[in-house]
Structure formats: C-alpha cells, structure tokens
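Chemist: I'm passing along structure-v8.cif; it holds mmCIF, C-alpha atoms.
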data_final
#
loop_
_atom_site.label_atom_id
_atom_site.label_comp_id
_atom_site.auth_asym_id
_atom_site.auth_seq_id
_atom_site.Cartn_x
_atom_site.Cartn_y
_atom_site.Cartn_z
CA MET A 1 140.44 98.28 86.45
CA MET A 2 138.74 95.11 87.68
CA ARG A 3 134.99 95.30 88.13
CA PRO A 4 133.47 94.43 91.52
CA LEU A 5 132.50 90.77 91.78
CA CYS A 6 128.93 89.46 91.95
CA PHE A 7 128.51 85.90 93.25
CA VAL A 8 125.58 83.94 91.80
CA VAL A 9 123.80 81.40 94.00
CA MET A 10 121.47 79.14 91.98
CA PRO A 11 120.85 75.54 90.84
CA PHE A 12 122.68 74.13 87.81
CA GLY A 13 121.33 72.55 84.65
CA ARG A 14 117.68 71.48 84.50
CA LYS A 15 115.88 71.10 87.83
CA LYS A 16 112.20 70.63 88.79
CA ASP A 17 110.28 73.05 90.95
CA LEU A 18 107.92 71.99 93.76
CA GLU A 19 105.12 71.29 91.26
CA GLY A 20 107.28 69.09 89.04
CA ASN A 21 107.85 71.66 86.31
CA GLU A 22 111.35 71.71 84.83
CA VAL A 23 113.43 74.89 84.71
CA ASP A 24 116.57 75.36 82.62
CA PHE A 25 118.74 77.29 85.06
CA ASP A 26 121.69 77.47 82.70
CA LEU A 27 119.39 79.43 80.36
CA VAL A 28 118.23 81.67 83.21
CA TYR A 29 121.87 82.41 84.04
CA SER A 30 123.12 83.01 80.50
CA ALA A 31 120.11 84.98 79.20
CA LEU A 32 119.03 86.91 82.30
CA ILE A 33 121.33 86.94 85.32
CA LYS A 34 124.74 87.23 83.67
CA PRO A 35 123.74 89.96 81.16
CA ALA A 36 122.17 92.02 83.97
CA ILE A 37 125.30 91.71 86.15
CA VAL A 38 127.58 92.71 83.26
CA ALA A 39 125.26 95.61 82.37
CA ALA A 40 125.60 96.84 85.97
CA ASP A 41 129.39 96.91 85.42
CA LEU A 42 129.99 93.94 87.73
CA GLU A 43 131.85 90.67 87.14
CA PRO A 44 129.71 87.52 87.58
CA ILE A 45 131.04 84.46 89.42
CA ARG A 46 128.82 81.38 89.38
CA ALA A 47 129.46 78.69 91.97
CA ASP A 48 130.85 75.51 90.41
CA GLU A 49 129.43 72.09 91.25
CA GLU A 50 132.46 70.80 93.12
CA THR A 51 131.41 69.52 96.53
CA ILE A 52 132.99 67.56 99.35
CA ASN A 53 130.60 65.03 100.93
CA GLY A 54 127.69 67.02 99.54
CA ILE A 55 128.88 70.29 101.07
CA ILE A 56 130.17 73.24 99.08
CA HIS A 57 133.94 73.54 99.49
CA LYS A 58 135.69 76.25 101.51
CA PRO A 59 136.97 78.46 98.65
CA MET A 60 133.39 78.73 97.38
CA TYR A 61 132.22 79.84 100.81
CA GLU A 62 134.93 82.47 100.74
CA ARG A 63 133.63 83.75 97.41
CA LEU A 64 130.08 83.79 98.79
CA ILE A 65 131.16 85.88 101.77
CA LEU A 66 133.86 88.08 100.23
CA CYS A 67 132.24 89.11 96.94
CA ASP A 68 130.85 92.63 97.10
CA TYR A 69 127.53 91.63 95.53
CA ALA A 70 125.42 88.47 95.23
CA VAL A 71 122.37 87.31 93.28
CA ALA A 72 120.37 84.27 94.45
CA ASP A 73 117.70 82.44 92.42
CA LEU A 74 115.23 80.92 94.89
CA THR A 75 113.20 78.97 92.34
CA THR A 76 112.71 75.27 93.31
CA ALA A 77 113.39 76.13 96.99
CA ASN A 78 116.78 74.43 96.63
CA ALA A 79 118.21 73.61 100.08
CA ASN A 80 121.79 74.50 99.13
CA VAL A 81 120.65 77.87 97.74
CA PHE A 82 118.71 78.67 100.91
CA TYR A 83 121.61 77.62 103.12
CA GLU A 84 124.10 79.73 101.19
CA LEU A 85 121.70 82.68 101.15
CA GLY A 86 121.35 82.37 104.93
CA ILE A 87 125.13 82.55 105.33
CA ARG A 88 125.27 85.58 103.06
CA HIS A 89 122.48 87.36 104.95
CA ALA A 90 124.19 86.64 108.27
CA ILE A 91 127.47 88.17 107.06
CA LYS A 92 126.43 90.96 104.69
CA PRO A 93 123.80 93.53 105.67
CA CYS A 94 123.35 94.68 102.06
CA THR A 95 124.09 94.10 98.32
CA THR A 96 122.32 90.71 98.02
CA ILE A 97 119.56 90.46 95.38
CA THR A 98 117.06 87.58 95.25
CA LEU A 99 114.83 86.56 92.34
CA PHE A 100 112.52 83.66 91.40
CA SER A 101 110.38 82.29 88.59
CA ALA A 102 106.89 83.76 88.96
CA SER A 103 105.37 80.61 87.49
CA SER A 104 106.87 78.34 90.18
CA ARG A 105 105.34 77.93 93.63
CA LEU A 106 107.60 78.57 96.59
CA PRO A 107 107.07 77.17 100.10
CA PHE A 108 106.90 80.52 101.87
CA ASP A 109 105.98 84.16 101.36
CA LEU A 110 108.89 86.02 99.77
CA HIS A 111 107.39 89.46 100.29
CA PHE A 112 109.76 90.34 103.14
CA LEU A 113 112.77 89.63 100.89
CA ARG A 114 111.42 91.87 98.13
CA SER A 115 112.48 89.27 95.59
CA MET A 116 112.27 90.02 91.90
CA PRO A 117 110.02 87.72 89.81
CA TYR A 118 110.90 86.74 86.25
CA GLN A 119 108.73 85.03 83.62
CA TYR A 120 109.51 81.44 82.60
CA ASP A 121 107.35 79.37 80.23
CA HIS A 122 107.47 75.72 81.34
CA ALA A 123 105.69 74.55 78.20
CA THR A 124 108.41 75.84 75.85
CA GLY A 125 111.31 75.94 78.32
CA SER A 126 112.00 79.56 77.53
CA LEU A 127 112.23 82.92 79.28
CA LEU A 128 109.63 85.58 78.56
CA ALA A 129 110.04 89.35 78.66
CA VAL A 130 113.81 88.87 78.82
CA GLU A 131 114.77 92.50 78.15
CA GLN A 132 112.46 93.77 80.87
CA SER A 133 113.83 91.24 83.38
CA VAL A 134 117.46 92.06 82.53
CA SER A 135 116.70 95.76 82.89
CA ALA A 136 114.93 95.22 86.24
CA LEU A 137 117.76 93.13 87.71
CA ARG A 138 120.35 95.62 86.45
CA ALA A 139 118.43 98.43 88.12
CA GLN A 140 118.39 96.56 91.44
CA LEU A 141 122.15 95.94 91.25
CA LEU A 142 122.86 99.58 90.42
CA ARG A 143 120.67 100.66 93.33
CA ALA A 144 122.60 98.28 95.60
CA LYS A 145 125.88 99.83 94.40
CA GLN A 146 124.72 103.38 95.01
CA GLU A 147 122.59 103.17 98.16
CA LYS A 148 123.88 100.12 100.12
CA THR A 149 120.35 99.70 101.56
CA ILE A 150 120.08 96.88 104.12
CA ASP A 151 118.46 93.88 102.42
CA SER A 152 119.32 91.13 104.91
CA PRO A 153 116.29 90.17 107.07
CA VAL A 154 118.73 89.42 109.89
CA TYR A 155 119.85 93.05 110.04
CA GLN A 156 116.35 94.35 109.29
CA LEU A 157 114.39 92.37 111.87
CA VAL A 158 116.66 91.58 114.82
CA ASP A 159 116.76 94.43 117.33
CA GLY A 160 120.19 95.59 118.39
CA ILE A 161 122.18 93.67 115.77
CA ALA A 162 124.79 95.61 113.85
CA PHE A 163 127.44 94.76 111.30
CA GLN A 164 130.48 93.79 113.34
CA ASN A 165 133.87 95.05 112.25
CA SER A 166 137.14 95.29 114.12
CA VAL A 167 139.07 98.53 114.43
CA ALA A 168 140.52 98.99 110.97
CA HIS A 169 144.26 98.39 111.37
CA GLU A 170 143.61 95.29 113.49
CA LYS A 171 141.94 93.59 110.50
CA THR A 172 145.40 93.03 109.09
CA ASP A 173 147.49 92.99 112.26
CA ILE A 174 145.60 90.09 113.89
CA PHE A 175 144.32 88.30 110.78
CA ARG A 176 146.73 85.40 111.15
CA ASP A 177 145.60 84.80 114.72
CA LEU A 178 141.88 84.83 113.95
CA VAL A 179 141.71 82.69 110.81
CA LYS A 180 142.45 78.98 110.86
CA TYR A 181 144.10 77.60 107.74
CA LYS A 182 146.82 75.21 106.70
CA GLN A 183 149.12 75.00 109.69
CA ASP A 184 152.14 73.80 107.74
CA ILE A 185 152.11 76.84 105.43
CA LYS A 186 151.46 79.11 108.40
CA ASP A 187 154.54 77.71 110.19
CA ARG A 188 156.75 77.90 107.10
CA LEU A 189 155.83 81.54 106.47
CA ALA A 190 156.59 82.40 110.11
CA GLU A 191 160.00 80.72 109.77
CA ALA A 192 160.71 82.60 106.53
CA ARG A 193 159.89 85.96 108.14
CA GLU A 194 162.18 85.24 111.09
CA LEU A 195 165.00 83.70 109.08
CA ALA A 196 168.44 84.84 110.19
CA GLY A 197 170.30 86.48 107.37
CA SER A 198 169.70 89.20 104.82
CA ARG A 199 166.41 90.63 103.64
CA GLU A 200 167.03 89.02 100.24
CA GLU A 201 167.32 85.60 101.87
CA ARG A 202 163.99 86.09 103.66
CA ILE A 203 162.37 87.18 100.40
CA ARG A 204 163.67 84.06 98.64
CA ALA A 205 162.33 81.91 101.48
CA VAL A 206 158.85 83.39 101.12
CA GLU A 207 158.96 83.11 97.33
CA ALA A 208 159.92 79.43 97.60
CA ILE A 209 156.71 78.84 99.54
CA VAL A 210 154.65 80.84 97.03
CA GLN A 211 155.96 78.78 94.12
CA GLY A 212 154.37 75.69 95.67
CA LEU A 213 150.92 77.27 95.92
CA VAL A 214 148.04 77.08 93.45
CA LEU A 215 146.69 80.57 94.12
CA GLU A 216 143.21 80.04 92.68
CA ASN A 217 142.58 77.12 95.03
CA GLU A 218 144.26 78.39 98.18
CA GLU A 219 142.37 79.50 101.26
CA THR A 220 142.11 83.22 101.82
CA GLY A 221 144.05 82.89 105.09
CA VAL A 222 147.08 81.54 103.22
CA LEU A 223 146.97 84.30 100.62
CA VAL A 224 146.68 87.09 103.18
CA ASP A 225 149.49 85.59 105.27
CA VAL A 226 151.79 85.61 102.23
CA MET A 227 150.86 89.26 101.57
CA LEU A 228 151.55 90.22 105.19
CA SER A 229 154.79 88.23 105.18
CA TYR A 230 156.07 90.28 102.25
CA ARG A 231 155.05 93.41 104.16
CA ALA A 232 156.82 92.26 107.32
CA ILE A 233 160.16 91.78 105.55
CA GLY A 234 159.88 95.01 103.55
CA ALA A 235 159.41 93.27 100.18
CA TYR A 236 156.95 95.81 98.83
CA GLU A 237 157.50 95.24 95.11
CA GLN A 238 156.94 91.52 95.67
CA ALA A 239 153.83 92.27 97.74
CA VAL A 240 152.37 94.33 94.90
CA ALA A 241 153.11 91.62 92.35
CA PHE A 242 151.60 88.93 94.60
CA ILE A 243 148.41 90.91 95.27
CA LYS A 244 147.90 91.35 91.53
CA GLN A 245 148.09 87.55 91.13
CA MET A 246 145.49 86.84 93.84
CA PRO A 247 142.10 85.42 92.84
CA ALA A 248 139.73 88.29 92.10
CA HIS A 249 137.37 87.61 95.03
CA VAL A 250 140.28 88.03 97.49
CA GLN A 251 142.12 90.75 95.59
CA GLN A 252 139.07 93.00 95.52
CA THR A 253 138.38 92.92 99.27
CA ARG A 254 138.83 96.24 101.00
CA MET A 255 141.58 94.91 103.27
CA VAL A 256 143.71 93.63 100.37
CA GLN A 257 143.20 96.79 98.32
CA GLU A 258 144.25 98.87 101.32
CA GLN A 259 147.39 96.79 101.66
CA LEU A 260 148.01 97.22 97.92
CA GLY A 261 147.91 100.99 98.44
CA PHE A 262 150.26 100.64 101.42
CA ALA A 263 152.76 98.51 99.45
CA LEU A 264 152.63 100.79 96.38
CA ASN A 265 153.42 103.76 98.56
CA ARG A 266 156.33 101.96 100.23
CA ALA A 267 157.58 101.08 96.74
CA LYS A 268 157.42 104.85 96.01
CA LYS A 269 154.65 104.47 93.45
CA ARG A 270 152.71 107.30 95.04
CA LYS A 271 150.29 108.20 92.24
CA GLU A 272 149.27 104.58 91.77
CA ALA A 273 148.79 104.24 95.54
CA ILE A 274 146.55 107.30 95.65
CA ALA A 275 144.46 105.98 92.74
CA VAL A 276 143.95 102.62 94.48
CA LEU A 277 142.99 104.19 97.82
CA GLU A 278 140.65 106.77 96.30
CA ARG A 279 138.92 103.97 94.39
CA VAL A 280 138.49 102.03 97.65
CA LEU A 281 136.88 105.08 99.27
CA GLU A 282 134.63 105.66 96.27
CA GLN A 283 133.42 102.05 96.23
CA ASN A 284 133.21 101.39 99.96
CA GLY A 285 132.83 104.70 101.74
CA PRO A 286 134.87 106.27 104.57
CA SER A 287 137.24 104.11 106.62
CA SER A 288 139.87 104.98 109.20
CA GLU A 289 142.29 102.49 107.63
CA THR A 290 141.89 103.69 104.04
CA TYR A 291 142.16 107.33 105.02
CA GLY A 292 145.07 106.53 107.34
CA ILE A 293 147.07 104.94 104.51
CA LEU A 294 146.10 107.76 102.12
CA GLY A 295 147.29 110.27 104.71
CA ARG A 296 150.62 108.44 104.87
CA VAL A 297 151.02 108.70 101.08
CA TYR A 298 150.49 112.46 101.18
CA LYS A 299 152.77 112.78 104.20
CA ASP A 300 155.54 110.99 102.28
CA LEU A 301 154.96 113.31 99.31
CA PHE A 302 155.15 116.26 101.71
CA GLN A 303 158.49 115.09 103.13
CA GLU A 304 159.95 114.53 99.66
CA ALA A 305 158.90 118.00 98.48
CA TYR A 306 160.16 119.56 101.73
CA HIS A 307 163.61 117.95 101.46
CA GLN A 308 163.81 119.08 97.81
CA GLY A 309 163.15 122.68 98.85
CA GLN A 310 159.74 122.86 97.16
CA GLU A 311 158.05 124.68 100.03
CA LEU A 312 154.73 125.57 98.36
CA LEU A 313 154.25 122.02 97.07
CA ALA A 314 155.23 120.66 100.48
CA GLU A 315 152.59 122.81 102.19
CA SER A 316 149.99 121.56 99.72
CA TYR A 317 150.79 117.91 100.44
CA LEU A 318 150.88 118.61 104.18
CA ASP A 319 147.34 119.99 104.02
CA LYS A 320 146.19 116.94 102.02
CA ALA A 321 147.77 114.57 104.55
CA LEU A 322 146.15 116.38 107.49
CA GLU A 323 142.78 116.36 105.71
CA ALA A 324 143.02 112.58 105.13
CA TYR A 325 144.05 111.79 108.71
CA GLN A 326 141.27 113.92 110.16
CA ALA A 327 138.70 112.24 107.90
CA GLY A 328 140.04 108.84 108.99
CA PHE A 329 139.74 109.63 112.68
CA GLU A 330 136.22 110.98 112.18
CA ALA A 331 135.29 107.76 110.34
CA ASP A 332 136.17 105.64 113.39
CA TRP A 333 137.17 107.34 116.62
CA ARG A 334 138.29 104.00 118.08
CA ASP A 335 141.21 103.88 115.63
CA ALA A 336 143.89 106.14 117.07
CA TYR A 337 146.31 105.77 114.13
CA PRO A 338 144.88 108.54 111.91
CA GLY A 339 144.12 110.57 115.04
CA VAL A 340 147.69 110.69 116.33
CA ASN A 341 148.96 111.53 112.86
CA ALA A 342 146.51 114.43 112.71
CA VAL A 343 147.78 115.62 116.11
CA THR A 344 151.41 115.33 114.97
CA LEU A 345 150.81 117.25 111.75
CA LEU A 346 148.92 119.98 113.58
CA ALA A 347 151.86 120.32 115.97
CA LEU A 348 154.24 120.26 113.02
CA LYS A 349 152.35 123.18 111.45
CA GLY A 350 152.60 125.09 114.70
CA GLU A 351 148.85 124.81 115.38
CA GLU A 352 149.51 123.78 118.98
CA GLN A 353 146.09 124.83 120.26
CA GLU A 354 144.28 122.58 117.78
CA ALA A 355 146.71 119.75 118.52
CA ARG A 356 146.02 120.06 122.26
CA LYS A 357 142.27 119.88 121.62
CA LEU A 358 142.54 116.65 119.64
CA ALA A 359 145.28 114.89 121.63
CA PRO A 360 143.11 113.92 124.66
CA VAL A 361 140.51 112.35 122.35
CA VAL A 362 143.20 110.22 120.68
CA GLU A 363 144.71 109.31 124.04
CA TYR A 364 141.29 108.28 125.36
CA ALA A 365 140.72 106.03 122.32
CA VAL A 366 144.02 104.25 123.04
CA GLN A 367 143.32 103.94 126.77
CA ARG A 368 139.90 102.38 126.10
CA LYS A 369 141.51 99.85 123.79
CA LEU A 370 144.22 99.06 126.35
CA ALA A 371 141.51 98.36 128.92
CA ALA A 372 139.62 95.99 126.61
CA LYS A 373 142.25 94.24 124.48
CA ARG A 374 145.85 93.15 124.38
CA PRO A 375 147.96 96.23 123.54
CA ASP A 376 150.21 96.30 120.50
CA TYR A 377 153.16 98.37 119.33
CA TRP A 378 150.99 101.07 117.74
CA ASP A 379 149.14 101.73 120.98
CA TYR A 380 152.33 102.62 122.82
CA ALA A 381 153.82 104.40 119.80
CA THR A 382 150.70 106.59 119.69
CA LEU A 383 150.98 107.46 123.38
CA LEU A 384 154.71 108.11 122.90
CA GLU A 385 154.10 110.68 120.16
CA ILE A 386 151.44 112.44 122.24
CA ALA A 387 153.82 112.56 125.23
CA VAL A 388 156.62 114.02 123.08
CA ILE A 389 154.26 116.64 121.64
CA ALA A 390 153.28 117.56 125.23
CA ASN A 391 157.00 117.63 126.26
CA CYS A 392 156.36 115.10 129.03
CA GLU A 393 159.64 113.25 129.61
CA ALA A 394 158.42 110.71 132.17
CA LYS A 395 155.55 109.48 130.01
CA SER A 396 157.77 109.49 126.92
CA ARG A 397 160.29 107.14 128.54
CA GLU A 398 157.53 104.89 129.88
CA TYR A 399 155.75 104.51 126.53
CA LEU A 400 159.01 104.11 124.60
CA LYS A 401 159.99 101.18 126.83
CA LYS A 402 156.59 99.55 126.39
CA ALA A 403 156.64 100.10 122.63
CA LEU A 404 160.07 98.49 122.29
CA SER A 405 159.00 95.48 124.36
CA SER A 406 155.89 94.90 122.23
CA PRO A 407 155.89 92.46 119.27
CA ILE A 408 157.28 94.28 116.24
CA GLU A 409 156.51 92.94 112.76
CA GLY A 410 159.42 94.61 111.03
CA SER A 411 161.81 97.54 111.17
CA TRP A 412 159.34 99.64 109.17
CA MET A 413 157.23 100.08 112.31
CA LEU A 414 160.09 101.62 114.31
CA GLN A 415 161.14 103.67 111.29
CA THR A 416 157.64 105.11 110.99
CA THR A 417 157.72 106.37 114.58
CA LEU A 418 161.28 107.66 114.21
CA GLN A 419 160.43 109.59 111.04
CA ASN A 420 157.36 111.16 112.67
CA LEU A 421 159.38 112.41 115.63
CA GLN A 422 162.29 113.55 113.45
CA LEU A 423 159.90 115.60 111.34
CA LEU A 424 158.28 117.16 114.39
CA HIS A 425 161.67 118.00 115.89
CA ALA A 426 162.88 119.57 112.64
CA PHE A 427 159.89 121.91 112.39
CA ARG A 428 159.99 122.84 116.06
CA THR A 429 163.67 123.67 115.72
CA LYS A 430 162.98 125.69 112.57
CA ARG A 431 160.47 127.78 114.50
CA GLY A 432 163.00 128.29 117.31
CA GLU A 433 161.05 126.14 119.79
CA ALA A 434 162.77 124.04 122.42
CA ASP A 435 162.25 120.29 122.07
CA PRO A 436 164.33 118.66 124.83
CA VAL A 437 162.09 115.60 125.22
CA GLY A 438 161.97 115.01 121.48
CA GLU A 439 165.77 115.16 121.28
CA LYS A 440 166.21 112.53 124.01
CA VAL A 441 163.61 110.17 122.55
CA LEU A 442 165.15 110.45 119.08
CA VAL A 443 168.53 109.38 120.40
CA LEU A 444 167.08 106.39 122.25
CA LEU A 445 164.85 105.35 119.35
CA ALA A 446 167.57 105.72 116.70
CA GLU A 447 169.64 103.16 118.61
CA GLN A 448 166.91 100.56 118.05
CA VAL A 449 166.33 101.11 114.32
CA PRO A 450 168.50 98.92 112.03
#
Is it possible to give me this structure as structure tokens?
Modeler:
Amino acid sequence: MMRPLCFVVMPFGRKKDLEGNEVDFDLVYSALIKPAIVAADLEPIRADEETINGIIHKPMYERLILCDYAVADLTTANANVFYELGIRHAIKPCTTITLFSASSRLPFDLHFLRSMPYQYDHATGSLLAVEQSVSALRAQLLRAKQEKTIDSPVYQLVDGIAFQNSVAHEKTDIFRDLVKYKQDIKDRLAEARELAGSREERIRAVEAIVQGLVLENEETGVLVDVMLSYRAIGAYEQAVAFIKQMPAHVQQTRMVQEQLGFALNRAKKRKEAIAVLERVLEQNGPSSETYGILGRVYKDLFQEAYHQGQELLAESYLDKALEAYQAGFEADWRDAYPGVNAVTLLALKGEEQEARKLAPVVEYAVQRKLAAKRPDYWDYATLLEIAVIANCEAKSREYLKKALSSPIEGSWMLQTTLQNLQLLHAFRTKRGEADPVGEKVLVLLAEQVP
C-alpha cells in the first residue's frame, strides 16, 4: 500500500536568512523534515529546482495542490516558499504544517500560523535537539492525519468562505471540460473513444497515445483523460493497469482512487475494489461518490449470489449495498446517484413505504440541479427509475426520451440503468406484483443497449 504523500516546500542548498546567517537546508531536510514525515507513515516529495523563467513548472504546482499533506520551511522568508504556501492555503483548508529556524528573524509575526520552531546553530552549521524536533513535527503530522483541523488562515479568518467541491460524480464527468491541458492529446483521445470499429480497435488507439507519453512529466489533465477514456470504452483492465502506473501524487487523489475502485469492480475484482474504496473512506472520510461506488460493488455481489441461488448470501450483500448507498446520500444530499439506488433497493426489498419516503428527496435533489446546471444522462436516468418505481407511465416515457438524447459516454451507462430496472422487475414479479410500466420501459431501453 502506498503511503499518503507529503509535499515539502523549502529552499535548497545553503541560503542566508534576513540577518545574513547561512542555513544548510539540505541538512534540515535530511535530518529533520524527511525523518519526521517518514515516521508519520507518509511519503516525502521535495520540490526540485527546475523552473521556467523563474517560475515553478506546472507539474510541481500539481504536486503542491494534490498532495494530501505539506510541510513548509519559512526560514529566510523566501519569496517562492511564501508564494507556494499561499497557493496551498488557498486550496487546502487543512493538513499544511509550517516550521522555521528559531534563531533566524522573520519579517512578520508567525503566531497566527502556529508554526513550529526548530533549533539551528549558525556558528557550527548544525541542528540542535534533533530528536525532539523530529518528534514534534511527527506529532503535528499525525494530528493533521487524525483531526483534519483547519490550519489555513484563509479558511480561518475569512467569514463565509468554505472549501468548494463539486457534486461528487461530476468531478469525473466534467473534468475534461474544466481543466485546460494539451489540446492535441485531448483531441486524439476524443477521436480514439469515438473510433468506428470494434472495442479492441478503440483500446489499441488509446494505447498508441499512451505509449507516446512520459507519465511522470505529463499534466494531470492528460492522465485523467486517459483514465476516463479507458472507462468510456469499457477497457477496465487497462484502466486499472494505467492508474497503477500514474505518478503517485495523481494516483493517490481521491478521484483517481475512486475510479480505481470502479474499474476493479467492472473487471470483477470485487474484493480488491472493496479494499480500495474502504481505504479511501478511512483516509478521507464520507463521500457520496465513494459510498456510491462501494454500493455498486455490493449490489453486483448481490446479483451474482442471487443468480447462483445463494439466497442468504444475496440478502447479506443486498443489505450492505443499501447501507452504502444510504450513507452516500447522507454524505451529500445534492448527489442523487446513491439516493436513487437506495430507493431502488428499498423497492426491490418490498419496503415500498420507506422507498416512497426517500424518493421525493432524491427527486428534489435532481430538480434543483436541473434548475442550476446543464442536465446529464444520470439526472434523467434517476428520474426515470423513480417514475418506474411509482408506476407513472407518462413520466417514465418523458424521462427515458430525455435520457437517450443526452450525451452518453459509453454503453455501460445504459446497461447500468437497464440492469437496475430488470432487477426491480424480477423482484416485483417474484412477489406477484404488477409492473406494467417497468415492462414497457425495459422493452424500449433494451432496444438501445448494444
């Protein structure tokens, strides 16, 4: 298991502080900062000195922003360090630790940052009380891991500011539209996904593009687009292999780990998918997206056990799937995906009263999104499932038409909706319940699925 990354912002080599005293920052890193990061079970990444016109290059900015943790040495009041720390504080509310040499004067009061002092002897060029400093920095990093206390002055001092995050599934669905990166690669990947021919030909087209990339140096936008391109064409084994080759600072982001869990599940590596998603929840806390994907894994396990006649095991997985979907919807009520799945599974279990209680909340979440943003396939698919559960034929036909006319990434999206409705119909039929609307929608939808 890879350890979470900790980005180190500090000067390099020997630099003078504001009073002209020299500090060996390579020593500070190797004897104090790095050992403390490793002792906190994190992986240190120190910014290299490569610059373009005096400005740190884009991949290094991505590491600064994407790494889960950061340590910044403010000694010498280095302008680059302050600038990078400002970017970090603007993006990340927490998990950034600052420290400084207590024997060096700084140009402002650091009390509000709660920076950690360390002892440096300018006369001998050595660190003092090294073990105590390593232990203190390790303790701060462990506290940051456990408590996620806000340490950014931006989020502490500015009234009304909050960490901005899109509704979970949109982080992947609209990533390509929001992030600017190499247009030629973006165009080639789009062409590969839409290539006429077999799935194998589309996979080869994407892989030909990947072979020309130097993954460690590529922008995050390129890497995520490749990952989503594999997903779009149903190349889940290739997606898993590609994710595991990504640079660590990209691979360890929540979004990529969630997509790893998604791809593993589609590749029928269920236990591995569960392990990945549970680790994401443990490290990052509740999320509608993580719980939504975890719910899908358990729902697939439920269907497999059900079709194999293992009824008790199937019921167990069904309960686990429902539990995950409900937790996901509670984590973010704006994200209707786990909500509609919870409604569907409640209806599937015959708990119609509970399903009817939850369905209007899910429908309201979708309607609010439709009023504020451009709708996508999942919005109409969600409303379609709710209409089928309510046996409303008019709404079912309306939402099915709108879903089919929405941009569809791949056949897996239609298959997901079809499987949900097939499952619901099967259980309603088993209980002797009429499902006339479900029958009609299944016929119409099956005609559209390759």
Chemist: For range 354-365 of chain A, list every protein, DNA or RNA residue within 8 Å, evaluated using all atoms listed in the file, and leave out those in the same chain fewer than 4 positions away; present the list as a PyMOL selection string.
Modeler: chain A and resi 333-336+339-340+342-344+346-347+369+382-383+386
Chemist: List the spatial neighbours of Ala275 in chain A as a ChimeraX atom specification - criterion: any atom at most 12 Å away, all atoms listed in the file, same-chain residues fewer than 2 positions off excluded.
Modeler: /A:1,257-258,260-262,264-265,269-273,277-282,290,294,297
Chemist: I want to know what sits within 10 Å of Glu43 in chain A, based on only C-alpha atoms, with residues of the same chain fewer than 5 positions away left out; could you give that as a list in words?
Modeler: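 Returned residues: Met2, Arg3, Pro4, Leu5, Cys6, Phe7, Lys34, Ile37, Val38, Cys67, Tyr69 and Ala248 of chain A.
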Chemist: For Arg193 in chain A, find every residue with an atom within 12 Å (counting all atoms listed in the file), except residues of its own chain fewer than 4 positions away, and show them as a ChimeraX atom specification.
Modeler: /A:186-189,197-207,209,225-235,408-410
Chemist: Ranking A:Asn80, A:Gln140, A:Ser103, A:Gln448 by minimum distance to Ile33 in chain A and counting only C-alpha atoms, which one comes first?
Modeler: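 So, comparing all the options, the nearest one is A:Gln140.
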Chemist: Given the point (120.3, 94.2, 88.1) in the file's coordinates, find the residues that have an atom at most 10 Å from it, counting only C-alpha atoms, and give them as a ChimeraX atom specification.
Modeler: /A:32-42,71,97,116,133-144
Chemist: Here's a test: counting only C-alpha atoms, identify every protein, DNA and RNA residue with an atom at most 8 Å from (109.0, 85.1, 92.0) in the file's coordinate frame, and state them as a PyMOL selection string.
Modeler: chain A and resi 75+99-104+110+115-118
